[in-house]
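target.csv (CSV, C-alpha atoms) appears below.
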chain,number,residue,atom,x,y,z
A,1,MET,CA,73.9,43.2,4.0
A,2,ARG,CA,76.1,41.2,1.6
A,3,ASN,CA,79.1,42.2,-0.4
A,4,TYR,CA,78.7,42.4,-4.2
A,5,GLU,CA,80.6,43.4,-7.2
A,6,ASN,CA,79.2,44.8,-10.4
A,7,LEU,CA,81.1,45.0,-13.6
A,8,VAL,CA,79.5,47.3,-16.1
A,9,ILE,CA,80.4,47.8,-19.7
A,10,VAL,CA,79.2,51.2,-21.1
A,11,LYS,CA,78.7,51.8,-24.8
A,12,PRO,CA,81.8,53.3,-26.5
A,13,THR,CA,79.7,55.5,-28.8
A,14,LEU,CA,79.0,57.9,-26.0
A,15,THR,CA,81.3,60.9,-25.2
A,16,ALA,CA,83.5,60.9,-22.1
A,17,GLU,CA,81.0,63.1,-20.2
A,18,GLU,CA,78.1,61.0,-21.2
A,19,ILE,CA,79.9,57.9,-19.9
A,20,GLN,CA,80.6,59.6,-16.6
A,21,GLN,CA,76.9,60.6,-16.4
A,22,SER,CA,75.7,57.1,-17.1
A,23,LEU,CA,78.1,55.7,-14.5
A,24,LYS,CA,76.7,58.1,-12.0
A,25,ALA,CA,73.2,56.9,-12.9
A,26,VAL,CA,74.4,53.3,-12.3
A,27,GLU,CA,75.8,54.2,-8.9
A,28,GLU,CA,72.6,56.0,-8.1
A,29,VAL,CA,70.6,52.8,-8.9
A,30,ILE,CA,72.7,51.0,-6.3
A,31,THR,CA,72.5,53.7,-3.6
A,32,SER,CA,68.8,54.3,-4.0
A,33,ASN,CA,68.2,50.6,-3.3
A,34,GLY,CA,70.0,50.9,0.0
A,35,GLY,CA,73.5,50.0,-1.2
A,36,GLU,CA,76.7,51.3,0.2
A,37,ILE,CA,79.4,51.7,-2.4
A,38,ALA,CA,82.8,50.7,-1.0
A,39,THR,CA,84.9,51.7,-4.0
A,40,THR,CA,84.8,51.9,-7.8
A,41,ASP,CA,87.5,50.9,-10.2
A,42,SER,CA,87.4,52.2,-13.8
A,43,MET,CA,89.3,49.9,-16.1
A,44,GLY,CA,88.9,52.4,-18.9
A,45,MET,CA,88.2,51.8,-22.6
A,46,ARG,CA,89.1,48.3,-23.6
A,47,LYS,CA,88.8,46.1,-26.6
A,48,LEU,CA,86.1,43.5,-26.1
A,49,ALA,CA,87.0,39.9,-26.6
A,50,TYR,CA,84.1,39.5,-29.0
A,51,PRO,CA,81.7,42.1,-30.4
A,52,ILE,CA,78.6,42.9,-28.3
A,53,GLU,CA,75.8,44.6,-30.3
A,54,LYS,CA,78.3,45.3,-33.0
A,55,ASN,CA,80.6,47.2,-30.7
A,56,GLU,CA,84.3,46.3,-30.7
A,57,ARG,CA,85.2,48.4,-27.6
A,58,GLY,CA,83.6,49.3,-24.3
A,59,TYR,CA,84.2,51.3,-21.2
A,60,PHE,CA,84.7,48.9,-18.2
A,61,HIS,CA,83.8,50.0,-14.8
A,62,VAL,CA,83.7,48.0,-11.6
A,63,ILE,CA,81.7,48.9,-8.5
A,64,TYR,CA,82.2,47.2,-5.1
A,65,TYR,CA,79.3,47.6,-2.7
A,66,SER,CA,77.1,46.0,-0.1
A,67,VAL,CA,73.4,45.7,-0.2
A,68,ALA,CA,70.6,43.5,1.2
A,69,PRO,CA,70.3,40.4,-1.0
A,70,SER,CA,66.7,41.2,-1.8
A,71,ALA,CA,67.6,44.4,-3.5
A,72,ILE,CA,69.8,42.7,-6.2
A,73,ASN,CA,66.7,41.7,-8.2
A,74,GLU,CA,65.6,45.3,-8.5
A,75,ILE,CA,69.1,46.6,-9.3
A,76,GLU,CA,69.6,44.0,-12.1
A,77,ARG,CA,66.1,44.9,-13.5
A,78,ARG,CA,67.1,48.5,-13.6
A,79,PHE,CA,70.4,47.6,-15.3
A,80,ARG,CA,68.6,45.6,-17.9
A,81,LEU,CA,66.4,48.6,-18.8
A,82,ASN,CA,69.4,50.9,-19.2
A,83,GLU,CA,70.3,50.9,-22.9
A,84,GLU,CA,73.7,52.6,-22.4
A,85,LEU,CA,75.0,49.4,-20.8
A,86,LEU,CA,76.3,46.7,-23.1
A,87,ARG,CA,76.8,44.1,-20.4
A,88,PHE,CA,76.7,43.9,-16.6
A,89,ILE,CA,77.9,41.2,-14.3
A,90,THR,CA,77.0,40.8,-10.6
A,91,ILE,CA,79.2,38.7,-8.4
A,92,LYS,CA,78.5,37.9,-4.8
A,93,TYR,CA,81.1,37.6,-2.1
A,94,ASP,CA,79.5,35.4,0.5
A,95,THR,CA,81.8,32.8,2.1
A,96,ASN,CA,84.5,33.8,4.6
A,97,LYS,CA,87.3,33.4,2.0
A,98,GLU,CA,85.4,35.4,-0.5
A,99,ILE,CA,84.8,38.2,2.0
A,100,ILE,CA,88.5,38.4,2.7
A,101,ALA,CA,89.2,38.5,-1.0
A,102,PHE,CA,86.6,41.3,-1.3
A,103,LYS,CA,88.3,43.4,1.3
A,104,GLN,CA,91.6,42.9,-0.5
A,105,LEU,CA,90.1,43.9,-3.8
A,106,VAL,CA,88.6,47.0,-2.3
A,107,GLN,CA,91.9,48.0,-0.9
A,108,LYS,CA,93.6,47.4,-4.2
A,109,ALA,CA,91.1,49.6,-6.0
A,110,GLN,CA,91.4,52.3,-3.4
A,111,LYS,CA,95.2,52.2,-3.7
A,112,LYS,CA,94.8,52.5,-7.5
A,113,ILE,CA,92.7,55.6,-7.1
A,114,GLU,CA,95.1,57.1,-4.7
A,115,ALA,CA,98.0,56.4,-7.0
A,116,GLN,CA,96.2,58.0,-9.9
A,117,ALA,CA,95.5,61.1,-7.8
A,118,LYS,CA,99.2,61.2,-6.8
A,119,VAL,CA,100.3,60.8,-10.4
A,120,GLU,CA,98.1,63.5,-11.7
A,121,THR,CA,99.4,66.2,-9.4
A,122,PRO,CA,103.2,65.6,-9.7
A,123,VAL,CA,103.0,65.2,-13.4
A,124,LYS,CA,102.0,68.9,-13.8
A,125,ALA,CA,104.8,69.9,-11.5
A,126,GLU,CA,107.3,67.7,-13.4
A,127,GLU,CA,106.2,69.2,-16.7
A,128,LYS,CA,107.0,72.6,-15.5
A,129,ALA,CA,110.3,71.4,-14.1
A,130,THR,CA,111.3,69.7,-17.4
A,131,GLU,CA,110.4,72.8,-19.4
A,132,GLU,CA,112.7,74.8,-17.2
A,133,VAL,CA,115.4,72.2,-17.5
A,134,LYS,CA,115.1,72.2,-21.3
A,135,ALA,CA,115.3,75.9,-21.4
A,136,GLU,CA,118.5,75.7,-19.3
A,137,GLU,CA,119.9,72.8,-21.3
A,138,ALA,CA,119.3,74.3,-24.7
A,139,PRO,CA,121.9,77.1,-24.6
A,140,ALA,CA,124.4,74.8,-22.8
A,141,THR,CA,124.3,72.2,-25.6
A,142,GLU,CA,124.9,74.8,-28.2
A,143,GLU,CA,128.0,76.0,-26.4
A,144,VAL,CA,129.3,72.4,-26.3
A,145,LYS,CA,128.7,72.0,-30.0
A,146,ALA,CA,130.5,75.3,-30.6
A,147,GLU,CA,133.5,74.0,-28.7
A,148,GLU,CA,133.4,70.6,-30.4
A,149,ALA,CA,133.2,72.0,-33.9
A,150,PRO,CA,136.6,73.7,-34.0
A,151,ALA,CA,138.2,70.8,-32.1
A,152,THR,CA,137.1,68.4,-34.8
A,153,GLU,CA,138.3,70.7,-37.6
A,154,THR,CA,141.8,71.1,-36.3
A,155,PRO,CA,142.9,67.5,-36.5
A,156,ALA,CA,141.4,67.3,-40.0
A,157,ALA,CA,143.5,70.2,-41.2
A,158,PRO,CA,146.9,68.6,-40.8
A,159,VAL,CA,145.7,65.4,-42.4
A,160,THR,CA,144.9,66.9,-45.7
A,161,PRO,CA,148.4,68.2,-46.5
A,162,ALA,CA,149.9,64.8,-45.4
A,163,ALA,CA,147.7,63.1,-47.9
A,164,GLU,CA,148.8,65.4,-50.7
B,1,MET,CA,108.2,15.2,-26.6
B,2,ALA,CA,109.3,18.6,-25.4
B,3,GLU,CA,105.8,19.9,-25.6
B,4,ARG,CA,104.4,16.9,-23.8
B,5,ARG,CA,106.8,17.2,-21.0
B,6,LYS,CA,105.4,20.7,-20.3
B,7,TYR,CA,102.4,18.9,-18.8
B,8,LYS,CA,104.1,15.9,-17.4
B,9,LYS,CA,104.9,17.2,-14.0
B,10,ARG,CA,101.8,16.6,-12.1
B,11,TYR,CA,101.4,19.1,-9.3
B,12,CYS,CA,98.9,21.9,-8.8
B,13,LYS,CA,100.5,25.3,-9.4
B,14,TYR,CA,97.7,27.0,-7.5
B,15,CYS,CA,98.2,24.8,-4.5
B,16,GLU,CA,101.8,25.7,-4.5
B,17,ALA,CA,101.0,29.4,-4.6
B,18,LYS,CA,98.3,28.9,-2.0
B,19,VAL,CA,95.6,30.6,-4.0
B,20,ASP,CA,92.3,30.9,-2.1
B,21,PHE,CA,90.5,33.2,-4.4
B,22,MET,CA,90.8,34.1,-8.0
B,23,ASP,CA,89.7,37.3,-9.6
B,24,TYR,CA,88.1,37.0,-13.0
B,25,LYS,CA,89.5,40.4,-14.0
B,26,ASP,CA,93.1,39.3,-13.4
B,27,MET,CA,93.7,37.6,-16.7
B,28,GLY,CA,97.4,36.9,-16.3
B,29,ALA,CA,96.4,34.2,-13.8
B,30,LEU,CA,93.8,32.6,-16.2
B,31,ARG,CA,96.3,32.4,-19.1
B,32,PHE,CA,97.9,29.2,-17.7
B,33,SER,CA,94.7,27.3,-17.8
B,34,LEU,CA,93.6,28.4,-21.2
B,35,SER,CA,94.6,26.8,-24.5
B,36,GLU,CA,95.6,28.6,-27.6
B,37,ARG,CA,92.0,28.7,-28.7
B,38,TYR,CA,90.8,29.9,-25.3
B,39,LYS,CA,89.5,26.5,-24.2
B,40,ILE,CA,89.7,25.6,-20.6
B,41,MET,CA,92.7,23.2,-20.3
B,42,PRO,CA,91.8,19.8,-18.8
B,43,ARG,CA,93.1,18.7,-15.5
B,44,ARG,CA,95.0,15.8,-16.9
B,45,LEU,CA,97.2,18.2,-18.8
B,46,THR,CA,97.7,21.0,-16.3
B,47,GLY,CA,97.9,18.9,-13.2
B,48,ASN,CA,95.5,21.2,-11.3
B,49,CYS,CA,93.8,19.7,-8.3
B,50,LYS,CA,90.0,19.4,-8.4
B,51,ARG,CA,89.4,22.3,-6.0
B,52,HIS,CA,91.4,24.8,-8.0
B,53,GLN,CA,90.1,23.4,-11.4
B,54,ASP,CA,86.6,24.2,-10.2
B,55,MET,CA,87.6,27.7,-9.2
B,56,ILE,CA,89.3,28.3,-12.5
B,57,SER,CA,86.4,27.0,-14.6
B,58,THR,CA,83.9,29.4,-12.8
B,59,VAL,CA,86.4,32.3,-13.1
B,60,ILE,CA,87.0,31.7,-16.8
B,61,LYS,CA,83.3,31.5,-17.4
B,62,ARG,CA,82.8,34.8,-15.6
B,63,ALA,CA,85.6,36.4,-17.7
B,64,ARG,CA,84.0,35.1,-20.8
B,65,ALA,CA,80.6,36.7,-19.9
B,66,ALA,CA,82.5,39.9,-19.2
B,67,ALA,CA,84.0,39.9,-22.7
B,68,LEU,CA,87.5,39.8,-21.2
B,69,VAL,CA,88.2,36.3,-22.7
B,70,PRO,CA,86.5,35.1,-25.9
B,71,TYR,CA,84.1,32.1,-26.0
B,72,THR,CA,85.3,30.8,-29.3
B,73,VAL,CA,88.2,31.6,-31.6
B,74,THR,CA,87.8,31.3,-35.4
B,75,ARG,CA,90.7,30.7,-37.7
B,76,LYS,CA,90.8,34.4,-38.5
B,77,THR,CA,91.1,35.6,-35.0
B,78,VAL,CA,93.7,32.9,-34.2
B,79,VAL,CA,95.9,34.4,-36.8
B,80,THR,CA,95.3,38.1,-36.1
B,81,ALA,CA,95.2,38.2,-32.3
B,82,PRO,CA,96.7,35.4,-30.4
B,83,PHE,CA,96.6,36.3,-26.7
B,84,GLU,CA,96.2,40.0,-27.5
B,85,ASN,CA,93.4,40.5,-25.0
B,86,LEU,CA,95.3,38.8,-22.2
B,87,LYS,CA,97.6,41.7,-21.4

Show me the file's structure as structure tokens.
Amino acid sequence: MRNYENLVIVKPTLTAEEIQQSLKAVEEVITSNGGEIATTDSMGMRKLAYPIEKNERGYFHVIYYSVAPSAINEIERRFRLNEELLRFITIKYDTNKEIIAFKQLVQKAQKKIEAQAKVETPVKAEEKATEEVKAEEAPATEEVKAEEAPATETPAAPVTPAAE
Amino acid sequence: MAERRKYKKRYCKYCEAKVDFMDYKDMGALRFSLSERYKIMPRRLTGNCKRHQDMISTVIKRARAAALVPYTVTRKTVVTAPFENLK
């Protein structure tokens, strides 16, 4: 078993659901060839540095996994047949330093996923909280304005007779 | 002269940071070794050591294949998007 990383660029013309489906299909290709997926890291829709097949954008997805080196040929062949992929890149992590780096990258990707999961849940709670706060603040600000309005008028009143 | 002095100090930035591995997806790190037109900067200008220059050149080539960094930049793209993709 050797550690590998695959970057896959999916066509931007697909809908979000179709993209997720095709990514699942990509991961199935790896698992069906005896691969164990460590983590995945979706970089999202990005602008490409240069157009590929006349597409200006693409959905980037990174998969970290480990397979037997002999299975890579078959995996790449399957990727090449897949017309939904604009580009794929396979990188092997073989030497000791690279394996250490691989573990770090996997950890980083997992933290990212955890952070996203955390962000999604509190955001909803915060939205409710902010709505309540706004509801509370709205009448309060009106009162303040009401208080300020006469206060500003009173000094203006004596000025006008003085000017006359 | 001011521009020249930018490259005059000859030490390897990557040695100083003790970089053992570079990730081709981390484009902030590549930016130092890329020219305005996304050419790989030569060692005589950046002062990189041979080991790190080799690492950088492979990493940049990977990033190019992944459409993260362009291969070539024409006059149009230089004007419209300098370093826009390197965020």

If you take all atoms listed in the file and a cut-off of 7 Å, which residues of chain A touch chain B, and what are their nearest atom pairs and distances in Å to one decimal, in chain and number order, as a tab-separated table?
residue	atom	partner	partner_atom	distance
A:Leu48	CA	B:Ala67	CA	5.4
A:Ala49	CA	B:Pro70	CA	4.9
A:Tyr50	CA	B:Pro70	CA	5.9
A:Ile89	CA	B:Ala66	CA	6.8
A:Lys97	CA	B:Asp20	CA	6.9
A:Glu98	CA	B:Phe21	CA	6.8
A:Ala101	CA	B:Phe21	CA	6.4

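Across the model, the gap from CA of Ser42 in chain A to CA of Asn3 in chain A is 18.7 Å.
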
Task: Atomic separation - CA of Val29 in chain A relative to CA of Ile75 in chain A, Å - done: 6.4 Å

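Nearest residue to Asn82 in chain A, choosing from A:Gln104, A:Val119, A:Lys54, A:Ile9 and counting all atoms listed in the file: A:Ile9.
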
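The interatomic distance for the pair CA of Leu85 in chain A and CA of Val10 in chain A works out to 4.6 Å.
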
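When the distance limit is 9 Å and all atoms listed in the file are what count, the residues near Leu86 in chain A, minus those fewer than 6 positions from it on the same chain, are Val8, Ile9, Val10, Lys11, Ile52, Glu53, Asn55 and Gly58 of chain A.
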
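You can rank A:Thr13, A:Ser66, A:Ser32, A:Gln116 by their closest distance to Thr90 in chain A using all atoms listed in the file, and at the top of that list sits A:Ser66.
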
Take the point (91.9, 32.2, -6.8) in the file's coordinates, draw a sphere of radius 12 Å around it, and report as a PDB file with C-alpha atoms, in the coordinates of the input every protein, DNA or RNA residue with an atom inside or on it, counting all atoms listed in the file.
ATOM      1  CA  LYS A  97      87.300  33.400   2.000  1.00  0.00           C
ATOM      2  CA  GLU A  98      85.400  35.400  -0.500  1.00  0.00           C
ATOM      3  CA  ILE A 100      88.500  38.400   2.700  1.00  0.00           C
ATOM      4  CA  ALA A 101      89.200  38.500  -1.000  1.00  0.00           C
ATOM      5  CA  PHE A 102      86.600  41.300  -1.300  1.00  0.00           C
TER       6      PHE A 102
ATOM      7  CA  LYS B  13     100.500  25.300  -9.400  1.00  0.00           C
ATOM      8  CA  TYR B  14      97.700  27.000  -7.500  1.00  0.00           C
ATOM      9  CA  CYS B  15      98.200  24.800  -4.500  1.00  0.00           C
ATOM     10  CA  ALA B  17     101.000  29.400  -4.600  1.00  0.00           C
ATOM     11  CA  LYS B  18      98.300  28.900  -2.000  1.00  0.00           C
ATOM     12  CA  VAL B  19      95.600  30.600  -4.000  1.00  0.00           C
ATOM     13  CA  ASP B  20      92.300  30.900  -2.100  1.00  0.00           C
ATOM     14  CA  PHE B  21      90.500  33.200  -4.400  1.00  0.00           C
ATOM     15  CA  MET B  22      90.800  34.100  -8.000  1.00  0.00           C
ATOM     16  CA  ASP B  23      89.700  37.300  -9.600  1.00  0.00           C
ATOM     17  CA  TYR B  24      88.100  37.000 -13.000  1.00  0.00           C
ATOM     18  CA  LYS B  25      89.500  40.400 -14.000  1.00  0.00           C
ATOM     19  CA  ASP B  26      93.100  39.300 -13.400  1.00  0.00           C
ATOM     20  CA  MET B  27      93.700  37.600 -16.700  1.00  0.00           C
ATOM     21  CA  GLY B  28      97.400  36.900 -16.300  1.00  0.00           C
ATOM     22  CA  ALA B  29      96.400  34.200 -13.800  1.00  0.00           C
ATOM     23  CA  LEU B  30      93.800  32.600 -16.200  1.00  0.00           C
ATOM     24  CA  ARG B  51      89.400  22.300  -6.000  1.00  0.00           C
ATOM     25  CA  HIS B  52      91.400  24.800  -8.000  1.00  0.00           C
ATOM     26  CA  GLN B  53      90.100  23.400 -11.400  1.00  0.00           C
ATOM     27  CA  ASP B  54      86.600  24.200 -10.200  1.00  0.00           C
ATOM     28  CA  MET B  55      87.600  27.700  -9.200  1.00  0.00           C
ATOM     29  CA  ILE B  56      89.300  28.300 -12.500  1.00  0.00           C
ATOM     30  CA  SER B  57      86.400  27.000 -14.600  1.00  0.00           C
ATOM     31  CA  THR B  58      83.900  29.400 -12.800  1.00  0.00           C
ATOM     32  CA  VAL B  59      86.400  32.300 -13.100  1.00  0.00           C
ATOM     33  CA  ILE B  60      87.000  31.700 -16.800  1.00  0.00           C
TER      34      ILE B  60
END

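Shortest separation to Glu28 in chain A among A:Ala68, A:Arg57, A:Ala16, A:Arg78 occurs at residue A:Arg78, atoms counted being all atoms listed in the file.
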
Task: Distance query Thr39 in chain A at most 9 Å, only C-alpha atoms, self and fewer than 3 positions along chain excluded, as a PyMOL selection string - done: chain A and resi 62-65+106-107+109-110

TODO: Would you kindly identify which residues have an atom no farther than 8 Å from (89.0, 52.0, -20.5), using all atoms listed in the file and the file's own coordinates, and write them out as a ChimeraX atom specification?
DONE: /A:42-46,58-61

TODO: Just the residues within 10 Å of Met41 in chain B, please, counting only C-alpha atoms, with nothing from its chain fewer than 6 positions along; format it as JSON, numbers by chain.
DONE: {"B": [31, 32, 33, 34, 35, 47, 48, 53, 56, 57]}
